[in-house]
$ cat structure-v6.pdb   # PDB, C-alpha atoms
MODEL        1
ATOM      1  CA  ALA D   1       0.000   0.000   0.000
ATOM      2  CA  GLY D   2       1.044   3.568  -0.593
ATOM      3  CA  LYS D   3      -0.498   7.004  -0.185
ATOM      4  CA  ASN D   4      -4.095   6.442  -1.359
ATOM      5  CA  CYS D   5      -2.926   3.650  -3.636
ATOM      6  CA  VAL D   6      -2.574  -0.128  -3.576
ATOM      7  CA  GLY D   7      -1.169  -2.742  -5.931
ATOM      8  CA  ILE D   8      -1.061  -6.501  -6.401
ATOM      9  CA  ALA D   9       1.661  -8.362  -8.279
ATOM     10  CA  SER D  10       1.620 -11.946  -9.487
ATOM     11  CA  ASP D  11       3.598 -14.245 -11.737
ATOM     12  CA  ARG D  12       2.016 -15.524 -14.960
ATOM     13  CA  ARG D  13       3.126 -19.150 -14.973
ATOM     14  CA  TYR D  14       0.714 -22.031 -15.395
ATOM     15  CA  GLY D  15       2.605 -25.258 -14.883
ATOM     16  CA  GLN D  16       2.346 -28.820 -13.672
ATOM     17  CA  TYR D  17       5.259 -29.924 -11.526
ATOM     18  CA  GLN D  18       8.336 -29.002 -13.574
ATOM     19  CA  THR D  19       6.549 -28.439 -16.900
ATOM     20  CA  THR D  20       5.410 -24.923 -17.780
ATOM     21  CA  ILE D  21       2.301 -25.088 -19.926
ATOM     22  CA  ALA D  22       1.572 -21.381 -20.307
ATOM     23  CA  THR D  23       3.195 -18.064 -19.493
ATOM     24  CA  ASP D  24       0.116 -15.861 -19.688
ATOM     25  CA  ALA D  25      -2.081 -17.099 -16.876
ATOM     26  CA  GLN D  26      -4.280 -14.509 -15.205
ATOM     27  CA  LYS D  27      -4.154 -14.561 -11.420
ATOM     28  CA  ILE D  28      -5.467 -11.080 -10.572
ATOM     29  CA  TRP D  29      -8.999  -9.958 -11.330
ATOM     30  CA  LYS D  30     -10.689  -6.583 -11.190
ATOM     31  CA  ILE D  31     -13.866  -6.554  -9.146
ATOM     32  CA  HIS D  32     -14.465  -2.854  -9.696
ATOM     33  CA  ASP D  33     -12.390   0.280 -10.234
ATOM     34  CA  LYS D  34     -11.247   0.348  -6.613
ATOM     35  CA  LEU D  35     -11.013  -3.345  -5.816
ATOM     36  CA  TYR D  36      -8.797  -6.138  -7.068
ATOM     37  CA  ILE D  37      -8.375  -9.731  -5.954
ATOM     38  CA  GLY D  38      -5.420 -12.031  -6.549
ATOM     39  CA  LEU D  39      -5.912 -15.778  -6.236
ATOM     40  CA  SER D  40      -3.157 -18.377  -5.904
ATOM     41  CA  GLY D  41      -3.304 -22.093  -5.236
ATOM     42  CA  LEU D  42      -4.863 -24.985  -7.140
ATOM     43  CA  ALA D  43      -5.607 -23.662 -10.636
ATOM     44  CA  THR D  44      -8.951 -25.414 -11.060
ATOM     45  CA  ASP D  45     -10.215 -24.081  -7.712
ATOM     46  CA  VAL D  46      -8.960 -20.585  -8.596
ATOM     47  CA  GLN D  47     -11.038 -20.734 -11.795
ATOM     48  CA  THR D  48     -14.109 -22.148 -10.030
ATOM     49  CA  PHE D  49     -13.861 -19.691  -7.151
ATOM     50  CA  ILE D  50     -13.508 -16.592  -9.324
ATOM     51  CA  GLU D  51     -16.537 -17.723 -11.373
ATOM     52  CA  LYS D  52     -18.614 -18.035  -8.175
ATOM     53  CA  LEU D  53     -17.269 -14.718  -6.890
ATOM     54  CA  LYS D  54     -18.138 -12.855 -10.095
ATOM     55  CA  PHE D  55     -21.635 -14.323  -9.855
ATOM     56  CA  ARG D  56     -22.080 -13.063  -6.283
ATOM     57  CA  ILE D  57     -20.677  -9.621  -7.125
ATOM     58  CA  THR D  58     -22.957  -9.264 -10.154
ATOM     59  CA  LEU D  59     -25.936 -10.023  -7.932
ATOM     60  CA  TYR D  60     -24.663  -7.544  -5.324
ATOM     61  CA  GLN D  61     -24.349  -4.863  -7.999
ATOM     62  CA  LEU D  62     -27.856  -5.497  -9.268
ATOM     63  CA  ARG D  63     -29.394  -5.454  -5.805
ATOM     64  CA  GLU D  64     -27.396  -2.671  -4.164
ATOM     65  CA  GLU D  65     -26.822  -0.564  -7.297
ATOM     66  CA  ARG D  66     -23.356   0.344  -6.060
ATOM     67  CA  ASP D  67     -19.824  -1.025  -5.861
ATOM     68  CA  ILE D  68     -19.034  -3.330  -2.950
ATOM     69  CA  LYS D  69     -16.746  -1.988  -0.222
ATOM     70  CA  PRO D  70     -13.390  -3.806  -0.001
ATOM     71  CA  SER D  71     -13.926  -4.754   3.644
ATOM     72  CA  CYS D  72     -17.370  -6.120   2.815
ATOM     73  CA  PHE D  73     -15.941  -8.005  -0.159
ATOM     74  CA  ALA D  74     -13.280  -9.542   2.054
ATOM     75  CA  GLN D  75     -15.980 -10.728   4.430
ATOM     76  CA  LEU D  76     -17.863 -12.260   1.491
ATOM     77  CA  VAL D  77     -14.761 -14.130   0.329
ATOM     78  CA  SER D  78     -14.046 -15.310   3.867
ATOM     79  CA  THR D  79     -17.579 -16.628   4.295
ATOM     80  CA  MET D  80     -17.586 -18.366   0.921
ATOM     81  CA  LEU D  81     -14.357 -20.141   1.819
ATOM     82  CA  TYR D  82     -15.381 -21.152   5.328
ATOM     83  CA  GLU D  83     -18.644 -22.623   4.001
ATOM     84  CA  LYS D  84     -16.375 -25.310   2.559
ATOM     85  CA  ARG D  85     -14.574 -25.838   5.860
ATOM     86  CA  PHE D  86     -14.463 -29.644   5.550
ATOM     87  CA  GLY D  87     -13.752 -29.766   1.828
ATOM     88  CA  PRO D  88     -12.137 -26.429   1.016
ATOM     89  CA  TYR D  89     -11.254 -24.590  -2.138
ATOM     90  CA  PHE D  90      -7.456 -24.712  -2.318
ATOM     91  CA  VAL D  91      -7.073 -21.020  -2.970
ATOM     92  CA  GLU D  92      -5.261 -18.275  -1.125
ATOM     93  CA  PRO D  93      -6.744 -14.835  -1.864
ATOM     94  CA  VAL D  94      -5.071 -11.441  -1.635
ATOM     95  CA  ILE D  95      -7.444  -8.493  -1.738
ATOM     96  CA  ALA D  96      -6.431  -4.905  -2.404
ATOM     97  CA  GLY D  97      -8.708  -1.908  -2.658
ATOM     98  CA  LEU D  98      -9.443   1.684  -1.730
ATOM     99  CA  GLU D  99     -12.165   2.176   0.834
ATOM    100  CA  GLY D 100     -14.377   5.087   1.676
ATOM    101  CA  PRO D 101     -14.525   8.705   0.470
ATOM    102  CA  ASN D 102     -10.857   9.242   1.364
ATOM    103  CA  ASN D 103      -9.635   6.224  -0.625
ATOM    104  CA  GLU D 104      -7.960   4.624   2.361
ATOM    105  CA  PRO D 105      -5.892   1.599   1.281
ATOM    106  CA  TYR D 106      -7.375  -1.737   2.246
ATOM    107  CA  LEU D 107      -5.187  -4.847   2.139
ATOM    108  CA  CYS D 108      -6.263  -8.312   3.193
ATOM    109  CA  ALA D 109      -4.840 -11.797   2.737
ATOM    110  CA  MET D 110      -6.587 -15.041   3.585
ATOM    111  CA  ASP D 111      -5.857 -18.696   3.955
ATOM    112  CA  LEU D 112      -7.873 -21.428   2.227
ATOM    113  CA  LEU D 113     -10.394 -21.546   5.082
ATOM    114  CA  GLY D 114     -11.083 -17.832   5.014
ATOM    115  CA  CYS D 115      -9.025 -16.631   7.941
ATOM    116  CA  THR D 116      -8.461 -12.943   7.223
ATOM    117  CA  SER D 117      -5.378 -10.952   8.047
ATOM    118  CA  THR D 118      -5.741  -7.256   7.313
ATOM    119  CA  ALA D 119      -2.532  -5.292   7.140
ATOM    120  CA  LYS D 120      -1.407  -1.717   6.883
ATOM    121  CA  GLY D 121       1.767  -1.867   4.814
ATOM    122  CA  PHE D 122       1.835  -4.999   2.755
ATOM    123  CA  VAL D 123       0.719  -8.634   2.612
TER     124      VAL D 123
ATOM    125  CA  ASP M   1      -4.699 -44.738 -12.553
ATOM    126  CA  THR M   2      -2.138 -42.046 -13.146
ATOM    127  CA  LEU M   3       0.061 -44.133 -15.419
ATOM    128  CA  SER M   4      -2.469 -44.721 -18.161
ATOM    129  CA  ILE M   5      -3.475 -41.069 -18.213
ATOM    130  CA  ALA M   6       0.122 -40.057 -18.894
ATOM    131  CA  MET M   7       0.820 -42.735 -21.484
ATOM    132  CA  ASP M   8      -1.499 -41.205 -24.098
ATOM    133  CA  HIS M   9       0.290 -38.679 -26.288
ATOM    134  CA  LEU M  10      -1.811 -35.738 -27.362
ATOM    135  CA  LEU M  11      -0.514 -32.693 -29.213
ATOM    136  CA  GLY M  12      -2.271 -29.724 -30.701
ATOM    137  CA  LEU M  13      -1.448 -26.445 -32.353
ATOM    138  CA  VAL M  14      -3.271 -23.427 -33.719
ATOM    139  CA  GLY M  15      -2.494 -22.258 -37.259
ATOM    140  CA  LYS M  16      -3.653 -19.419 -39.463
ATOM    141  CA  ASP M  17      -7.255 -20.599 -39.783
ATOM    142  CA  TYR M  18      -7.201 -24.153 -38.461
ATOM    143  CA  VAL M  19      -6.466 -26.232 -35.391
ATOM    144  CA  LEU M  20      -4.391 -29.379 -35.765
ATOM    145  CA  LEU M  21      -4.714 -32.171 -33.245
ATOM    146  CA  ILE M  22      -2.787 -35.414 -33.096
ATOM    147  CA  ALA M  23      -3.102 -38.389 -30.792
ATOM    148  CA  ASP M  24      -1.386 -41.722 -30.554
ATOM    149  CA  ARG M  25      -3.404 -44.826 -31.407
ATOM    150  CA  LYS M  26      -2.413 -47.233 -28.682
ATOM    151  CA  VAL M  27      -4.648 -48.627 -25.951
ATOM    152  CA  ALA M  28      -2.649 -50.280 -23.208
ATOM    153  CA  TYR M  29      -3.619 -52.379 -20.224
ATOM    154  CA  SER M  30      -0.700 -52.650 -17.827
ATOM    155  CA  VAL M  31       2.163 -53.875 -20.012
ATOM    156  CA  VAL M  32      -0.017 -55.226 -22.816
ATOM    157  CA  ALA M  33      -0.955 -53.234 -25.924
ATOM    158  CA  LEU M  34      -4.601 -54.117 -26.473
ATOM    159  CA  LYS M  35      -5.136 -52.116 -29.624
ATOM    160  CA  SER M  36      -2.962 -50.049 -31.943
ATOM    161  CA  ASP M  37      -5.545 -48.287 -34.090
ATOM    162  CA  HIS M  38      -7.764 -46.533 -31.551
ATOM    163  CA  ASP M  39      -9.037 -43.049 -32.441
ATOM    164  CA  LYS M  40      -8.685 -40.762 -29.434
ATOM    165  CA  ILE M  41      -9.927 -37.611 -31.134
ATOM    166  CA  MET M  42     -13.683 -37.223 -30.938
ATOM    167  CA  HIS M  43     -15.749 -34.912 -33.125
ATOM    168  CA  LEU M  44     -17.809 -32.841 -30.673
ATOM    169  CA  ASP M  45     -19.617 -31.259 -33.590
ATOM    170  CA  ALA M  46     -18.824 -30.148 -37.131
ATOM    171  CA  SER M  47     -16.349 -27.527 -35.927
ATOM    172  CA  LYS M  48     -14.807 -28.934 -32.761
ATOM    173  CA  LEU M  49     -12.339 -31.678 -31.978
ATOM    174  CA  PHE M  50     -11.816 -33.198 -28.556
ATOM    175  CA  ALA M  51      -8.649 -35.220 -28.023
ATOM    176  CA  ILE M  52      -8.815 -37.254 -24.836
ATOM    177  CA  ALA M  53      -6.117 -38.891 -22.748
ATOM    178  CA  GLY M  54      -7.051 -41.134 -19.887
ATOM    179  CA  GLU M  55      -8.673 -44.182 -18.485
ATOM    180  CA  GLY M  56     -10.725 -46.047 -21.109
ATOM    181  CA  GLY M  57     -14.147 -45.897 -19.456
ATOM    182  CA  ASP M  58     -13.884 -42.336 -18.191
ATOM    183  CA  ALA M  59     -12.510 -41.124 -21.515
ATOM    184  CA  VAL M  60     -15.357 -42.521 -23.583
ATOM    185  CA  GLN M  61     -18.143 -41.745 -21.081
ATOM    186  CA  PHE M  62     -17.044 -38.174 -20.483
ATOM    187  CA  SER M  63     -16.400 -37.290 -24.098
ATOM    188  CA  GLU M  64     -19.744 -38.739 -25.207
ATOM    189  CA  TYR M  65     -21.469 -36.822 -22.387
ATOM    190  CA  VAL M  66     -19.946 -33.555 -23.605
ATOM    191  CA  GLN M  67     -20.764 -34.346 -27.231
ATOM    192  CA  LYS M  68     -24.411 -35.136 -26.481
ATOM    193  CA  ASN M  69     -24.852 -32.037 -24.315
ATOM    194  CA  LEU M  70     -23.473 -29.839 -27.091
ATOM    195  CA  HIS M  71     -25.885 -31.512 -29.469
ATOM    196  CA  LEU M  72     -28.767 -30.861 -27.053
ATOM    197  CA  TYR M  73     -27.828 -27.189 -26.832
ATOM    198  CA  ASN M  74     -27.857 -27.016 -30.605
ATOM    199  CA  LEU M  75     -31.285 -28.659 -30.769
ATOM    200  CA  LYS M  76     -32.727 -26.419 -28.033
ATOM    201  CA  THR M  77     -31.411 -23.113 -29.280
ATOM    202  CA  GLY M  78     -30.642 -23.705 -32.949
ATOM    203  CA  LEU M  79     -27.236 -22.168 -32.370
ATOM    204  CA  PRO M  80     -23.849 -23.837 -32.371
ATOM    205  CA  LEU M  81     -21.799 -23.227 -29.248
ATOM    206  CA  SER M  82     -18.567 -21.249 -29.643
ATOM    207  CA  THR M  83     -15.321 -23.097 -28.926
ATOM    208  CA  LYS M  84     -14.777 -20.987 -25.818
ATOM    209  CA  ALA M  85     -18.246 -21.805 -24.485
ATOM    210  CA  ALA M  86     -17.822 -25.526 -25.184
ATOM    211  CA  ALA M  87     -14.465 -25.489 -23.405
ATOM    212  CA  HIS M  88     -15.915 -23.712 -20.383
ATOM    213  CA  PHE M  89     -18.869 -26.109 -20.271
ATOM    214  CA  THR M  90     -16.453 -29.037 -20.299
ATOM    215  CA  ARG M  91     -14.335 -27.411 -17.594
ATOM    216  CA  ASN M  92     -17.379 -26.941 -15.395
ATOM    217  CA  GLU M  93     -18.355 -30.592 -15.723
ATOM    218  CA  LEU M  94     -14.842 -31.684 -14.748
ATOM    219  CA  ALA M  95     -14.671 -29.220 -11.831
ATOM    220  CA  THR M  96     -18.077 -30.309 -10.491
ATOM    221  CA  ALA M  97     -17.144 -33.968 -10.759
ATOM    222  CA  LEU M  98     -13.806 -33.364  -9.047
ATOM    223  CA  ARG M  99     -15.178 -33.522  -5.540
ATOM    224  CA  LYS M 100     -17.802 -36.158  -6.297
ATOM    225  CA  GLY M 101     -16.202 -38.696  -8.604
ATOM    226  CA  PRO M 102     -13.485 -37.198 -10.763
ATOM    227  CA  PHE M 103     -13.061 -38.122 -14.403
ATOM    228  CA  GLN M 104      -9.488 -39.244 -15.012
ATOM    229  CA  VAL M 105      -9.384 -37.459 -18.347
ATOM    230  CA  ASN M 106      -6.926 -34.908 -19.692
ATOM    231  CA  ALA M 107      -7.905 -33.283 -22.934
ATOM    232  CA  LEU M 108      -7.179 -30.845 -25.703
ATOM    233  CA  LEU M 109     -10.217 -29.133 -27.184
ATOM    234  CA  GLY M 110      -9.758 -27.372 -30.512
ATOM    235  CA  GLY M 111     -12.264 -25.634 -32.711
ATOM    236  CA  VAL M 112     -12.919 -22.918 -35.272
ATOM    237  CA  ASP M 113     -15.731 -20.438 -34.853
ATOM    238  CA  HIS M 114     -16.573 -16.820 -35.682
ATOM    239  CA  SER M 115     -13.568 -15.612 -33.701
ATOM    240  CA  GLY M 116     -11.150 -17.909 -35.497
ATOM    241  CA  PRO M 117      -9.245 -21.006 -34.435
ATOM    242  CA  SER M 118      -8.645 -21.729 -30.753
ATOM    243  CA  LEU M 119      -7.162 -24.519 -28.667
ATOM    244  CA  TYR M 120      -7.819 -25.237 -25.023
ATOM    245  CA  HIS M 121      -5.732 -27.294 -22.613
ATOM    246  CA  LEU M 122      -7.876 -29.125 -20.045
ATOM    247  CA  ASP M 123      -6.738 -31.300 -17.235
ATOM    248  CA  TYR M 124      -8.684 -33.804 -15.143
ATOM    249  CA  LEU M 125      -8.976 -31.376 -12.229
ATOM    250  CA  GLY M 126     -10.857 -28.924 -14.409
ATOM    251  CA  THR M 127      -8.066 -26.484 -15.107
ATOM    252  CA  LEU M 128      -8.670 -24.692 -18.388
ATOM    253  CA  HIS M 129      -6.184 -22.652 -20.356
ATOM    254  CA  LYS M 130      -6.324 -21.238 -23.855
ATOM    255  CA  VAL M 131      -3.078 -22.011 -25.652
ATOM    256  CA  ASN M 132      -1.409 -21.663 -29.044
ATOM    257  CA  PHE M 133      -0.023 -25.168 -28.772
ATOM    258  CA  GLY M 134      -0.280 -27.819 -26.115
ATOM    259  CA  ALA M 135       0.397 -31.391 -25.128
ATOM    260  CA  GLN M 136      -0.958 -33.962 -22.749
ATOM    261  CA  GLY M 137       0.909 -36.942 -21.378
ATOM    262  CA  TYR M 138       4.591 -37.755 -21.558
ATOM    263  CA  GLY M 139       4.658 -36.504 -25.148
ATOM    264  CA  GLY M 140       4.810 -32.980 -23.756
ATOM    265  CA  TYR M 141       8.186 -33.544 -22.146
ATOM    266  CA  PHE M 142       9.665 -34.194 -25.567
ATOM    267  CA  CYS M 143       7.683 -31.767 -27.668
ATOM    268  CA  TYR M 144       7.168 -28.549 -25.718
ATOM    269  CA  SER M 145      10.708 -27.463 -26.462
ATOM    270  CA  ILE M 146      10.261 -28.180 -30.186
ATOM    271  CA  LEU M 147       6.973 -26.276 -30.270
ATOM    272  CA  ASP M 148       8.437 -23.396 -28.248
ATOM    273  CA  ARG M 149      11.220 -23.049 -30.776
ATOM    274  CA  LEU M 150       9.401 -23.665 -34.071
ATOM    275  CA  TRP M 151       5.779 -22.571 -33.617
ATOM    276  CA  LYS M 152       4.898 -19.153 -34.964
ATOM    277  CA  PRO M 153       1.581 -17.402 -35.438
ATOM    278  CA  ASP M 154      -0.442 -17.853 -38.669
ATOM    279  CA  MET M 155       1.260 -21.009 -39.890
ATOM    280  CA  SER M 156      -0.116 -22.609 -43.048
ATOM    281  CA  LEU M 157      -1.495 -26.152 -42.859
ATOM    282  CA  ASP M 158       1.620 -27.569 -44.524
ATOM    283  CA  GLU M 159       3.866 -25.852 -42.011
ATOM    284  CA  GLY M 160       1.683 -27.098 -39.141
ATOM    285  CA  VAL M 161       1.730 -30.676 -40.375
ATOM    286  CA  ALA M 162       5.501 -30.521 -40.855
ATOM    287  CA  LEU M 163       5.922 -29.262 -37.291
ATOM    288  CA  MET M 164       3.735 -32.051 -35.960
ATOM    289  CA  ASN M 165       5.711 -34.612 -37.926
ATOM    290  CA  THR M 166       8.861 -33.322 -36.259
ATOM    291  CA  CYS M 167       7.214 -33.820 -32.870
ATOM    292  CA  ILE M 168       6.050 -37.329 -33.777
ATOM    293  CA  LYS M 169       9.565 -38.265 -34.914
ATOM    294  CA  GLU M 170      10.938 -37.069 -31.605
ATOM    295  CA  ILE M 171       8.445 -39.066 -29.563
ATOM    296  CA  ASN M 172       9.061 -42.185 -31.588
ATOM    297  CA  SER M 173      12.813 -41.933 -31.266
ATOM    298  CA  ARG M 174      13.132 -40.851 -27.642
ATOM    299  CA  PHE M 175      10.120 -42.120 -25.742
ATOM    300  CA  LEU M 176      10.788 -45.322 -23.843
ATOM    301  CA  VAL M 177       7.806 -47.156 -25.310
ATOM    302  CA  GLY M 178       8.508 -46.591 -28.994
ATOM    303  CA  GLY M 179       6.717 -47.154 -32.240
ATOM    304  CA  ALA M 180       3.442 -45.303 -31.827
ATOM    305  CA  ASP M 181       1.101 -44.609 -34.709
ATOM    306  CA  PHE M 182      -0.667 -41.239 -34.670
ATOM    307  CA  THR M 183      -4.103 -40.001 -35.723
ATOM    308  CA  ILE M 184      -4.056 -36.541 -37.288
ATOM    309  CA  LYS M 185      -7.136 -34.351 -37.568
ATOM    310  CA  VAL M 186      -7.613 -30.780 -38.693
ATOM    311  CA  VAL M 187     -10.554 -28.524 -38.031
ATOM    312  CA  THR M 188     -11.056 -25.510 -40.288
ATOM    313  CA  ALA M 189     -13.922 -23.154 -40.979
ATOM    314  CA  GLU M 190     -15.106 -25.711 -43.547
ATOM    315  CA  GLY M 191     -15.199 -28.551 -41.047
ATOM    316  CA  ILE M 192     -13.171 -31.498 -39.879
ATOM    317  CA  ARG M 193     -10.680 -33.351 -42.018
ATOM    318  CA  VAL M 194      -8.987 -36.569 -41.071
ATOM    319  CA  LEU M 195      -5.493 -36.734 -42.508
ATOM    320  CA  ASP M 196      -3.752 -40.028 -43.110
ATOM    321  CA  PRO M 197      -2.504 -41.496 -39.863
ATOM    322  CA  VAL M 198       1.211 -41.377 -39.334
ATOM    323  CA  LEU M 199       2.414 -44.902 -38.983
ATOM    324  CA  ALA M 200       5.495 -45.530 -36.909
ATOM    325  CA  SER M 201       6.783 -47.841 -39.573
ATOM    326  CA  SER M 202       6.915 -45.069 -42.158
ATOM    327  CA  ALA M 203       7.944 -42.141 -39.925
TER     328      ALA M 203
ENDMDL
END
$ encode --input "structure-v6.pdb" --output "structure tokens"
Amino acid sequence: AGKNCVGIASDRRYGQYQTTIATDAQKIWKIHDKLYIGLSGLATDVQTFIEKLKFRITLYQLREERDIKPSCFAQLVSTMLYEKRFGPYFVEPVIAGLEGPNNEPYLCAMDLLGCTSTAKGFV
Amino acid sequence: DTLSIAMDHLLGLVGKDYVLLIADRKVAYSVVALKSDHDKIMHLDASKLFAIAGEGGDAVQFSEYVQKNLHLYNLKTGLPLSTKAAAHFTRNELATALRKGPFQVNALLGGVDHSGPSLYHLDYLGTLHKVNFGAQGYGGYFCYSILDRLWKPDMSLDEGVALMNTCIKEINSRFLVGGADFTIKVVTAEGIRVLDPVLASSA
């Protein structure tokens, strides 16, 4: 995080063990102008999870007619992951966004069960 | 059974206006070769090819399931599914089955539609990736480096076939279990063409 700004970086490798299959994999997605999520872990679960997430966010947009707050989004992700407590999605999300009228940086990382850890400087 | 899934060689590449898919023709059961002329590339519809590597039962059941569902979509809506949509449908089926009863099937799905030719790499977990060229099975270990070096965008069919022949030669000379015949199929805007199989004896 910086002064009213945040960023996420990821690699672009899709591989299996030692073989690299592609070098243009997308691992960071835009949720809205002030919110991005990065997902690492098992590739198939990353793809499934982002599909489910986009579905939930689309519904949120239609119902609330506004963009979701980063802290609220993080709670949504955490809940979705914990729902699968005894058969989890093998994904590890990193959420970065700007919250509120003052664009305060919001950074949050989670484990595969949805345990959040919000940080000030970096995750 | 992880061994049989890796023993099928599948290769595919995208050319100027076509997708080329090749697959070996052997069906093995433990150390015995049951059949040497098995076609592992299914025609999902007139403009899509589905090359499957994996366990016999799963491979056939899953690929027929996908084929029939695409057909149903066509009957219901009167529209053919785009390659991207078909690939995502297939991915979803694999991902849903993963935590119930996974299909031990790796695949390459290639097709030509309004947006041009495209090739998708699919693994049994349901991981989907759009690629310019791809491989499944041990064949990849030998051929990725060749494809990395020699593939270029907008290759003509002759160039594509020549590149595939180079890959086949490499597999047949360096892979431990030698002498595989290969099925070769091309899908273009006009439809699917089956080229003469490459026989190990003549390669």
$ atom_distance --input "structure-v6.pdb" --atom1 "CA of Phe49 in chain D" --atom2 "CA of Gly57 in chain M"
29.0 Å
$ closest_residue --input "structure-v6.pdb" --among "M:Gly15, M:Pro80, M:Gly126, M:Gly134" --to "Leu42 in chain D" --atoms "only C-alpha atoms"
M:Gly126
$ atom_distance --input "structure-v6.pdb" --atom1 "CA of Gly140 in chain M" --atom2 "CA of Thr83 in chain M"
23.0 Å
$ closest_atom_pairs --input "structure-v6.pdb" --of "chain M" --to "chain D" --cutoff "10 Å" --atoms "only C-alpha atoms" --output "JSON lines"
{"residue": "M:Arg91", "atom": "CA", "partner": "D:Thr44", "partner_atom": "CA", "distance": 8.7}
{"residue": "M:Asn92", "atom": "CA", "partner": "D:Thr48", "partner_atom": "CA", "distance": 7.9}
{"residue": "M:Leu94", "atom": "CA", "partner": "D:Thr44", "partner_atom": "CA", "distance": 9.4}
{"residue": "M:Ala95", "atom": "CA", "partner": "D:Thr44", "partner_atom": "CA", "distance": 6.9}
{"residue": "M:Thr96", "atom": "CA", "partner": "D:Thr48", "partner_atom": "CA", "distance": 9.1}
{"residue": "M:Leu98", "atom": "CA", "partner": "D:Thr44", "partner_atom": "CA", "distance": 9.5}
{"residue": "M:Arg99", "atom": "CA", "partner": "D:Gly87", "partner_atom": "CA", "distance": 8.4}
{"residue": "M:His121", "atom": "CA", "partner": "D:Ile21", "partner_atom": "CA", "distance": 8.8}
{"residue": "M:Leu122", "atom": "CA", "partner": "D:Thr44", "partner_atom": "CA", "distance": 9.8}
{"residue": "M:Asp123", "atom": "CA", "partner": "D:Thr44", "partner_atom": "CA", "distance": 8.8}
{"residue": "M:Tyr124", "atom": "CA", "partner": "D:Thr44", "partner_atom": "CA", "distance": 9.3}
{"residue": "M:Leu125", "atom": "CA", "partner": "D:Thr44", "partner_atom": "CA", "distance": 6.1}
{"residue": "M:Gly126", "atom": "CA", "partner": "D:Thr44", "partner_atom": "CA", "distance": 5.2}
{"residue": "M:Thr127", "atom": "CA", "partner": "D:Thr44", "partner_atom": "CA", "distance": 4.3}
{"residue": "M:Leu128", "atom": "CA", "partner": "D:Thr44", "partner_atom": "CA", "distance": 7.4}
{"residue": "M:His129", "atom": "CA", "partner": "D:Ala25", "partner_atom": "CA", "distance": 7.7}
{"residue": "M:Lys130", "atom": "CA", "partner": "D:Ala22", "partner_atom": "CA", "distance": 8.7}
{"residue": "M:Val131", "atom": "CA", "partner": "D:Ala22", "partner_atom": "CA", "distance": 7.1}
{"residue": "M:Asn132", "atom": "CA", "partner": "D:Ala22", "partner_atom": "CA", "distance": 9.2}
{"residue": "M:Phe133", "atom": "CA", "partner": "D:Ile21", "partner_atom": "CA", "distance": 9.1}
{"residue": "M:Gly134", "atom": "CA", "partner": "D:Ile21", "partner_atom": "CA", "distance": 7.2}
{"residue": "M:Ala135", "atom": "CA", "partner": "D:Ile21", "partner_atom": "CA", "distance": 8.4}
{"residue": "M:Gln136", "atom": "CA", "partner": "D:Ile21", "partner_atom": "CA", "distance": 9.9}
{"residue": "M:Gly140", "atom": "CA", "partner": "D:Thr19", "partner_atom": "CA", "distance": 8.4}
{"residue": "M:Tyr141", "atom": "CA", "partner": "D:Thr19", "partner_atom": "CA", "distance": 7.5}
{"residue": "M:Tyr144", "atom": "CA", "partner": "D:Ile21", "partner_atom": "CA", "distance": 8.3}
$ resolve_selection --input "structure-v6.pdb" --expression "the PyMOL selection byres ((chain D and resi 53) around 12)" --output "MDAnalysis selection string"
chainID D and resid 29:31 37 39 45:52 54:60 73:74 76:81 93
